[in-house]
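Engineer: Quick one, protein38.txt (compact mmCIF, C-alpha atoms and all ligand atoms):
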# COMPACT_ATOMS: atom_id res chain seq x y z
CA MET A 612 0.00 0.00 0.00
CA ASP A 613 1.27 3.51 -0.67
CA ASP A 614 0.09 7.12 -0.61
CA ARG A 615 -1.94 6.63 -3.83
CA THR A 616 -4.80 5.35 -1.67
CA THR A 617 -5.60 8.88 -0.48
CA HIS A 618 -8.82 9.06 -2.49
CA HIS A 619 -10.19 6.50 -0.03
CA ALA A 620 -11.54 8.25 3.07
CA ALA A 621 -13.42 5.37 4.72
CA GLY A 622 -16.86 6.84 4.06
CA GLY A 623 -16.03 10.32 5.37
CA VAL A 624 -14.03 13.31 4.23
CA ILE A 625 -10.41 14.00 5.12
CA ARG A 626 -9.20 17.58 4.99
CA ARG A 627 -6.52 19.75 6.48
CA LEU A 628 -7.55 21.69 9.57
CA TRP A 629 -7.18 25.44 9.90
CA VAL A 630 -5.71 26.92 13.10
CA THR A 631 -9.15 28.40 13.80
CA GLU A 632 -10.44 24.83 14.16
CA THR A 633 -8.48 24.34 17.38
CA PRO A 634 -11.75 24.03 19.42
CA ALA A 635 -12.98 21.17 17.18
CA PHE A 636 -9.60 19.41 17.50
CA ARG A 637 -9.65 19.90 21.28
CA GLU A 638 -13.21 18.53 21.54
CA HIS A 639 -12.24 15.54 19.38
CA LEU A 640 -9.31 14.67 21.67
CA ALA A 641 -11.55 15.14 24.72
CA ARG A 642 -13.93 12.50 23.32
CA LEU A 643 -11.20 9.81 23.36
CA ASP A 644 -11.81 7.34 26.16
CA GLY A 645 -9.12 6.62 28.77
CA ASP A 646 -7.61 3.73 26.84
CA SER A 647 -7.47 5.54 23.49
CA ARG A 648 -5.97 8.59 25.21
CA ARG A 649 -3.28 6.42 26.81
CA LEU A 650 -2.52 4.80 23.44
CA ARG A 651 -2.43 8.18 21.65
CA PHE A 652 -0.02 9.76 24.14
CA ALA A 653 1.90 6.52 24.89
CA GLY A 654 1.11 6.71 28.59
CA ALA A 655 -1.40 7.94 31.14
CA VAL A 656 -2.07 11.67 30.75
CA SER A 657 -4.72 13.85 32.35
CA PRO A 658 -7.59 15.54 30.46
CA GLN A 659 -5.93 18.87 31.38
CA TYR A 660 -2.70 17.79 29.67
CA VAL A 661 -4.66 16.82 26.55
CA GLU A 662 -6.49 20.15 26.56
CA ALA A 663 -3.22 22.12 26.81
CA TYR A 664 -1.71 19.95 24.05
CA ALA A 665 -4.70 20.52 21.76
CA ASN A 666 -4.65 24.30 22.28
CA ASP A 667 -1.17 24.46 20.76
CA ALA A 668 -1.11 21.56 18.32
CA LEU A 669 -2.39 23.26 15.17
CA LYS A 670 0.12 26.07 15.56
CA ARG A 671 3.06 23.73 16.12
CA ALA A 672 2.29 20.93 13.67
CA THR A 673 3.36 20.93 10.03
CA ALA A 674 -0.17 19.81 9.16
CA VAL A 675 -3.15 18.32 10.96
CA TYR A 676 -5.85 16.44 9.06
CA GLY A 677 -9.36 15.78 10.30
CA TRP A 678 -11.70 12.98 9.28
CA PHE A 679 -15.24 14.30 9.07
CA GLU A 680 -18.65 12.66 9.09
CA GLY A 681 -20.83 15.54 7.96
CA ALA A 682 -19.77 18.52 10.04
CA ASP A 683 -18.37 16.39 12.88
CA MET A 684 -14.68 15.62 13.21
CA ARG A 685 -14.24 12.09 14.52
CA ALA A 686 -10.57 11.38 13.86
CA ALA A 687 -7.34 13.25 13.28
CA ALA A 688 -3.79 12.72 12.08
CA GLU A 689 -0.92 15.05 12.91
CA LEU A 690 2.31 15.56 11.00
CA HIS A 691 5.14 17.15 12.96
CA GLY A 692 8.60 18.22 11.78
CA PRO A 693 9.76 21.14 9.65
CA MET A 694 9.66 21.06 5.83
CA PHE A 695 12.66 19.33 4.22
CA SER A 696 13.85 18.22 7.66
CA ARG A 697 14.18 14.63 6.36
CA THR A 698 12.36 13.29 9.41
CA GLY A 699 8.76 13.83 10.41
CA GLU A 700 6.62 12.27 13.07
CA ALA A 701 2.97 11.30 12.84
CA ALA A 702 0.28 10.68 15.45
CA PHE A 703 -3.27 9.42 15.04
CA SER A 704 -6.50 9.56 17.02
CA VAL A 705 -9.78 7.91 16.07
CA GLU A 706 -12.74 8.22 18.46
CA PRO A 707 -13.74 4.88 20.05
CA ASP A 708 -17.05 4.42 18.16
CA TYR A 709 -15.23 4.99 14.87
CA GLN A 710 -12.26 2.66 15.35
CA GLY A 711 -11.87 -0.44 13.20
CA ARG A 712 -13.58 1.09 10.13
CA GLY A 713 -10.48 1.85 8.07
CA ILE A 714 -10.27 5.51 9.11
CA GLY A 715 -6.77 5.24 10.61
CA THR A 716 -5.61 3.49 7.43
CA ALA A 717 -7.08 6.27 5.25
CA LEU A 718 -5.50 8.99 7.40
CA MET A 719 -2.12 7.26 7.17
CA GLY A 720 -2.29 7.42 3.36
CA ARG A 721 -2.89 11.17 3.55
CA ILE A 722 -0.08 11.71 6.07
CA VAL A 723 2.43 9.75 3.95
CA LEU A 724 1.48 11.86 0.91
CA SER A 725 1.80 15.04 2.95
CA ALA A 726 5.24 14.00 4.31
CA ARG A 727 6.36 13.07 0.80
CA ASN A 728 5.36 16.43 -0.65
CA ARG A 729 7.20 18.22 2.17
CA GLY A 730 10.43 16.43 1.33
CA MET A 731 10.47 14.19 4.39
CA ARG A 732 12.49 11.02 3.83
CA HIS A 733 11.60 9.31 7.12
CA LEU A 734 8.22 9.30 8.79
CA VAL A 735 8.27 7.99 12.35
CA VAL A 736 5.20 6.58 14.11
CA SER A 737 5.72 5.59 17.76
CA CYS A 738 3.17 3.61 19.68
CA LEU A 739 2.87 1.29 22.64
CA SER A 740 3.84 -2.32 21.89
CA GLU A 741 0.27 -3.48 22.56
CA ASN A 742 -1.11 -1.20 19.81
CA SER A 743 -1.57 -3.78 17.05
CA PRO A 744 -3.96 -1.68 14.86
CA MET A 745 -1.34 1.10 14.61
CA GLN A 746 1.41 -1.41 13.88
CA LYS A 747 -0.69 -3.04 11.16
CA ILE A 748 -1.22 0.35 9.53
CA VAL A 749 2.50 1.20 9.37
CA ARG A 750 3.38 -2.30 8.15
CA HIS A 751 1.18 -1.69 5.10
CA HIS A 752 3.64 1.08 4.18
CA ASP A 753 6.69 -1.22 4.36
CA ALA A 754 7.83 0.39 7.59
CA GLU A 755 10.98 -0.63 9.39
CA ILE A 756 9.81 -1.64 12.84
CA GLU A 757 11.95 -1.41 15.96
CA PHE A 758 10.84 -2.89 19.26
CA HIS A 759 11.87 -1.21 22.48
CA THR A 760 10.66 -1.94 26.00
CA GLY A 761 6.94 -1.24 25.91
CA GLU A 762 7.20 0.81 22.72
CA THR A 763 7.30 0.16 18.98
CA VAL A 764 8.74 2.62 16.49
CA GLY A 765 7.79 2.30 12.83
CA THR A 766 9.69 4.27 10.19
CA VAL A 767 8.06 4.73 6.80
CA HIS A 768 10.15 6.01 3.89
CA PRO A 769 7.99 8.25 1.70
CA ASN A 770 8.86 8.43 -2.00
CA PHE A 771 10.39 11.56 -3.50
CA PRO A 772 7.81 14.22 -4.35
CA THR A 773 6.75 14.53 -7.99
CA GLY A 774 4.40 16.83 -9.88
CA LEU A 775 1.84 14.05 -9.76
CA SER A 776 2.09 13.58 -5.99
CA MET A 777 1.65 17.36 -5.55
CA LEU A 778 -1.36 17.27 -7.85
CA ARG A 779 -2.88 14.37 -5.91
CA GLU A 780 -2.57 16.32 -2.68
CA ALA A 781 -4.07 19.44 -4.27
CA ILE A 782 -7.03 17.42 -5.60
CA ALA A 783 -7.56 15.73 -2.22
CA GLU A 784 -7.46 19.12 -0.48
CA SER A 785 -9.87 20.78 -2.89
CA HIS A 786 -12.26 17.85 -2.50
CA GLY A 787 -12.06 18.23 1.30
CA LEU A 788 -12.55 21.99 1.08
CA THR A 789 -15.55 21.68 -1.24
CA SER A 790 -17.13 19.09 1.06
CA ALA A 791 -16.58 21.40 4.04
CA MET A 792 -18.26 24.31 2.23
CA VAL A 793 -21.23 22.17 1.20
CA GLY A 794 -21.44 20.85 4.78
CA ILE A 795 -21.54 24.40 6.21
CA GLN A 796 -24.27 25.44 3.71
CA MET A 797 -26.34 22.34 4.51
CA ASP A 798 -25.95 22.98 8.23
CA MET A 799 -27.11 26.61 7.80
CA LEU A 800 -30.10 25.52 5.69
CA THR A 801 -31.09 22.87 8.24
CA ARG A 802 -30.94 25.45 11.03
CA TYR A 803 -32.89 27.96 8.93
CA PHE A 804 -35.72 25.51 8.19
CA ALA A 805 -35.78 24.33 11.81
CA LEU A 806 -36.25 27.98 12.93
CA ALA A 807 -38.85 28.65 10.21
CA LYS A 808 -41.07 25.76 11.39
C1 LIG B 901 -4.67 3.12 16.25
C2 LIG B 901 -5.80 3.80 15.47
C3 LIG B 901 -5.30 5.12 14.92
C4 LIG B 901 -6.18 2.88 14.30
O1 LIG B 901 -7.20 3.48 13.56
P1 LIG B 901 -8.47 2.63 13.12
O2 LIG B 901 -9.31 3.47 12.26
O3 LIG B 901 -9.09 2.07 14.33
O4 LIG B 901 -7.76 1.46 12.28
P2 LIG B 901 -8.27 0.75 10.94
O5 LIG B 901 -9.72 0.51 11.03
O6 LIG B 901 -7.74 1.51 9.78
O7 LIG B 901 -7.55 -0.64 11.07
C5 LIG B 901 -6.15 -0.79 10.92
C6 LIG B 901 -5.79 -2.26 11.06
O8 LIG B 901 -5.96 -2.66 12.42
C7 LIG B 901 -6.91 -3.72 12.50
N1 LIG B 901 -7.69 -3.49 13.72
C8 LIG B 901 -8.58 -2.50 13.94
N2 LIG B 901 -9.04 -2.59 15.19
C9 LIG B 901 -8.43 -3.66 15.75
C10 LIG B 901 -8.48 -4.24 17.04
N3 LIG B 901 -9.27 -3.76 18.00
N4 LIG B 901 -7.68 -5.32 17.29
C11 LIG B 901 -6.88 -5.80 16.34
N5 LIG B 901 -6.76 -5.27 15.09
C12 LIG B 901 -7.54 -4.22 14.82
C13 LIG B 901 -7.74 -3.64 11.24
O9 LIG B 901 -8.30 -4.89 10.89
C14 LIG B 901 -6.70 -3.18 10.25
O10 LIG B 901 -5.88 -4.27 9.87
P3 LIG B 901 -5.75 -4.71 8.33
O11 LIG B 901 -5.35 -3.47 7.59
O12 LIG B 901 -4.70 -5.74 8.32
O13 LIG B 901 -7.10 -5.17 7.94
C15 LIG B 901 -7.07 4.02 16.33
O14 LIG B 901 -7.54 2.78 16.79
C16 LIG B 901 -6.84 4.97 17.50
O15 LIG B 901 -6.97 6.17 17.35
N6 LIG B 901 -6.50 4.45 18.69
C17 LIG B 901 -6.26 5.29 19.85
C18 LIG B 901 -5.08 6.24 19.68
C19 LIG B 901 -3.86 5.53 19.14
O16 LIG B 901 -3.60 4.38 19.45
N7 LIG B 901 -3.06 6.25 18.33
C20 LIG B 901 -1.87 5.69 17.74
C21 LIG B 901 -0.63 6.15 18.42
S1 LIG B 901 -0.18 7.76 17.89
Could you spell out this file's structure in structure tokens?
Structural biologist:
Amino acid sequence: MDDRTTHHAAGGVIRRLWVTETPAFREHLARLDGDSRRLRFAGAVSPQYVEAYANDALKRATAVYGWFEGADMRAAAELHGPMFSRTGEAAFSVEPDYQGRGIGTALMGRIVLSARNRGMRHLVVSCLSENSPMQKIVRHHDAEIEFHTGETVGTVHPNFPTGLSMLREAIAESHGLTSAMVGIQMDMLTRYFALAK
């Protein structure tokens, strides 16, 4: 599997988040249950820690992608590391009711494409050793896997960027943006008709 699978969004829409969407990202992370939160942050962290993390994440990350069902964001993938830094790091969060539906796999495709187009040669995904869904996802991208005590580190090697890979990202982004605009219009119309009743 490679980053050409980015058209597949597991029944939802994947798009890049704007910094102004920090509240939606924060609320998404707050909806993770205790176990998912522990797996996401590779250890026990408090809701306050997660809130502080979320408040800053969109400013610090290279890119954050959301997976949307209608107007609701139910999963996210973060890419950290400066452009052309050779090494980036990715992290994933899918809300409990949405896990096991292929969303993490779809987000990984988008993150690998994003890392590729930003000149990253290594994409690192760290997770707890017990996290077999995350390990399966990175294995699909021919990752090198290292096992440490309690932790697994997968390194994916994105291909070099090409005009076509840039175009694929642009198309995926414009599809996400169009879906977001349609979603906002639909939401406004629904509210309007609900008020008019
Ligand atoms: C890890 C996580 C991102 C995976 O996303 P997901 O949408 O649930 O995963 P997918 O549905 O794409 O499934 C990925 C693979 O794991 C398998 N899988 C899914 N849930 C599983 C489970 N509970 N047990 C075993 N395997 C499972 C799927 O069958 C699939 O394998 P395949 O590709 O060989 O068929 C998601 O579960 C999550 O957010 N967990 C909490 C936070 C976390 O662990 N983040 C990762 C560390 S940064």
Engineer: Find the residues near ligand LIG 901 (chain B). Use a cut-off of 6 Å, count only C-alpha atoms and all ligand atoms, and write them as a JSON list (two decimals) with C-alpha atoms, in the coordinates of the input.
Structural biologist:
[["chain", "number", "residue", "atom", "x", "y", "z"],
["A", 647, "SER", "CA", -7.47, 5.54, 23.49],
["A", 650, "LEU", "CA", -2.52, 4.80, 23.44],
["A", 651, "ARG", "CA", -2.43, 8.18, 21.65],
["A", 702, "ALA", "CA", 0.28, 10.68, 15.45],
["A", 703, "PHE", "CA", -3.27, 9.42, 15.04],
["A", 704, "SER", "CA", -6.50, 9.56, 17.02],
["A", 705, "VAL", "CA", -9.78, 7.91, 16.07],
["A", 710, "GLN", "CA", -12.26, 2.66, 15.35],
["A", 711, "GLY", "CA", -11.87, -0.44, 13.20],
["A", 712, "ARG", "CA", -13.58, 1.09, 10.13],
["A", 713, "GLY", "CA", -10.48, 1.85, 8.07],
["A", 714, "ILE", "CA", -10.27, 5.51, 9.11],
["A", 715, "GLY", "CA", -6.77, 5.24, 10.61],
["A", 716, "THR", "CA", -5.61, 3.49, 7.43],
["A", 738, "CYS", "CA", 3.17, 3.61, 19.68],
["A", 743, "SER", "CA", -1.57, -3.78, 17.05],
["A", 744, "PRO", "CA", -3.96, -1.68, 14.86],
["A", 745, "MET", "CA", -1.34, 1.10, 14.61],
["A", 747, "LYS", "CA", -0.69, -3.04, 11.16],
["A", 748, "ILE", "CA", -1.22, 0.35, 9.53]]
Engineer: Which residues of stretch 666-745 of chain A have any atom within 6 Å of an atom in stretch 762-768 of chain A when counting all atoms listed in the file, and what is the closest pair of atoms for each, with the distance in Å to one decimal? Order the rows by chain and rising number and write it as JSON lines.
Structural biologist:
{"residue": "A:Arg732", "atom": "CA", "partner": "A:His768", "partner_atom": "CA", "distance": 5.5}
{"residue": "A:His733", "atom": "CA", "partner": "A:His768", "partner_atom": "CA", "distance": 4.8}
{"residue": "A:Leu734", "atom": "CA", "partner": "A:Val767", "partner_atom": "CA", "distance": 5.0}
{"residue": "A:Val735", "atom": "CA", "partner": "A:Thr766", "partner_atom": "CA", "distance": 4.5}
{"residue": "A:Val736", "atom": "CA", "partner": "A:Gly765", "partner_atom": "CA", "distance": 5.2}
{"residue": "A:Ser737", "atom": "CA", "partner": "A:Val764", "partner_atom": "CA", "distance": 4.4}
{"residue": "A:Cys738", "atom": "CA", "partner": "A:Thr763", "partner_atom": "CA", "distance": 5.4}
{"residue": "A:Leu739", "atom": "CA", "partner": "A:Glu762", "partner_atom": "CA", "distance": 4.4}
{"residue": "A:Ser740", "atom": "CA", "partner": "A:Glu762", "partner_atom": "CA", "distance": 4.7}
Engineer: Considering all atoms listed in the file, state which residue in the set A:Ala635, A:Ala717, A:Met684, A:Ala674 is at the smallest distance from A:Glu700.
Structural biologist: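 For A:Glu700, the nearest of the candidates is A:Ala674.
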Engineer: List as number ranges by chain the protein and nucleic acid residues near stretch 657-659 of chain A, meaning an atom at most 8 Å away when all atoms listed in the file are counted, but skip any in the same chain fewer than 3 places from it.
Structural biologist: A: 641, 662-663
Engineer: May I ask for the distance between atom CA of A:Gly622 and atom CA of A:Ser790, given in Å to one decimal place?
Structural biologist: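 Going from atom CA of A:Gly622 over to atom CA of A:Ser790, I get 12.6 Å.
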Engineer: Grab the atom CA of A:Glu638 to atom CA of A:Arg727 distance for me, in Å with one decimal place.
Structural biologist: 29.0 Å
Engineer: Nearest residue to A:Gly761 out of A:Gly654, A:Ala781, A:Pro634, A:Gln796, using only C-alpha atoms?
Structural biologist: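 Ranked by minimum distance to A:Gly761, first place goes to A:Gly654.
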Engineer: Report, in Å to a single decimal, how far apart atom CA of A:Ala783 and atom CA of A:Ala688 are.
Structural biologist: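 Atom CA of A:Ala688 sits 15.1 Å away from atom CA of A:Ala783.
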Engineer: With distances taken over all atoms listed in the file, which of A:Ile756, A:Ala726, A:Ile782, A:Leu775 is nearest to A:Met694?
Structural biologist: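 The closest residue to A:Met694 is A:Ala726.
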Engineer: Name the closest residue to A:Ser776 among the candidates A:Val661, A:Ala653, A:Val723, A:Ala686; distances are taken between atoms, counting only C-alpha atoms.
Structural biologist: A:Val723
Engineer: For A:Val793, which of A:Glu780, A:Ala682, A:Ala754, A:Leu628 is the closest residue, counting all atoms listed in the file?
Structural biologist: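 Smallest distance to A:Val793 is found for A:Ala682.
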Engineer: For each of A:Pro707, A:Gly692, A:Gly720, A:Gly730, take the minimum atom-to-atom distance to A:Ala621, counting all atoms listed in the file, then give the residue where this is smallest.
Structural biologist: A:Gly720
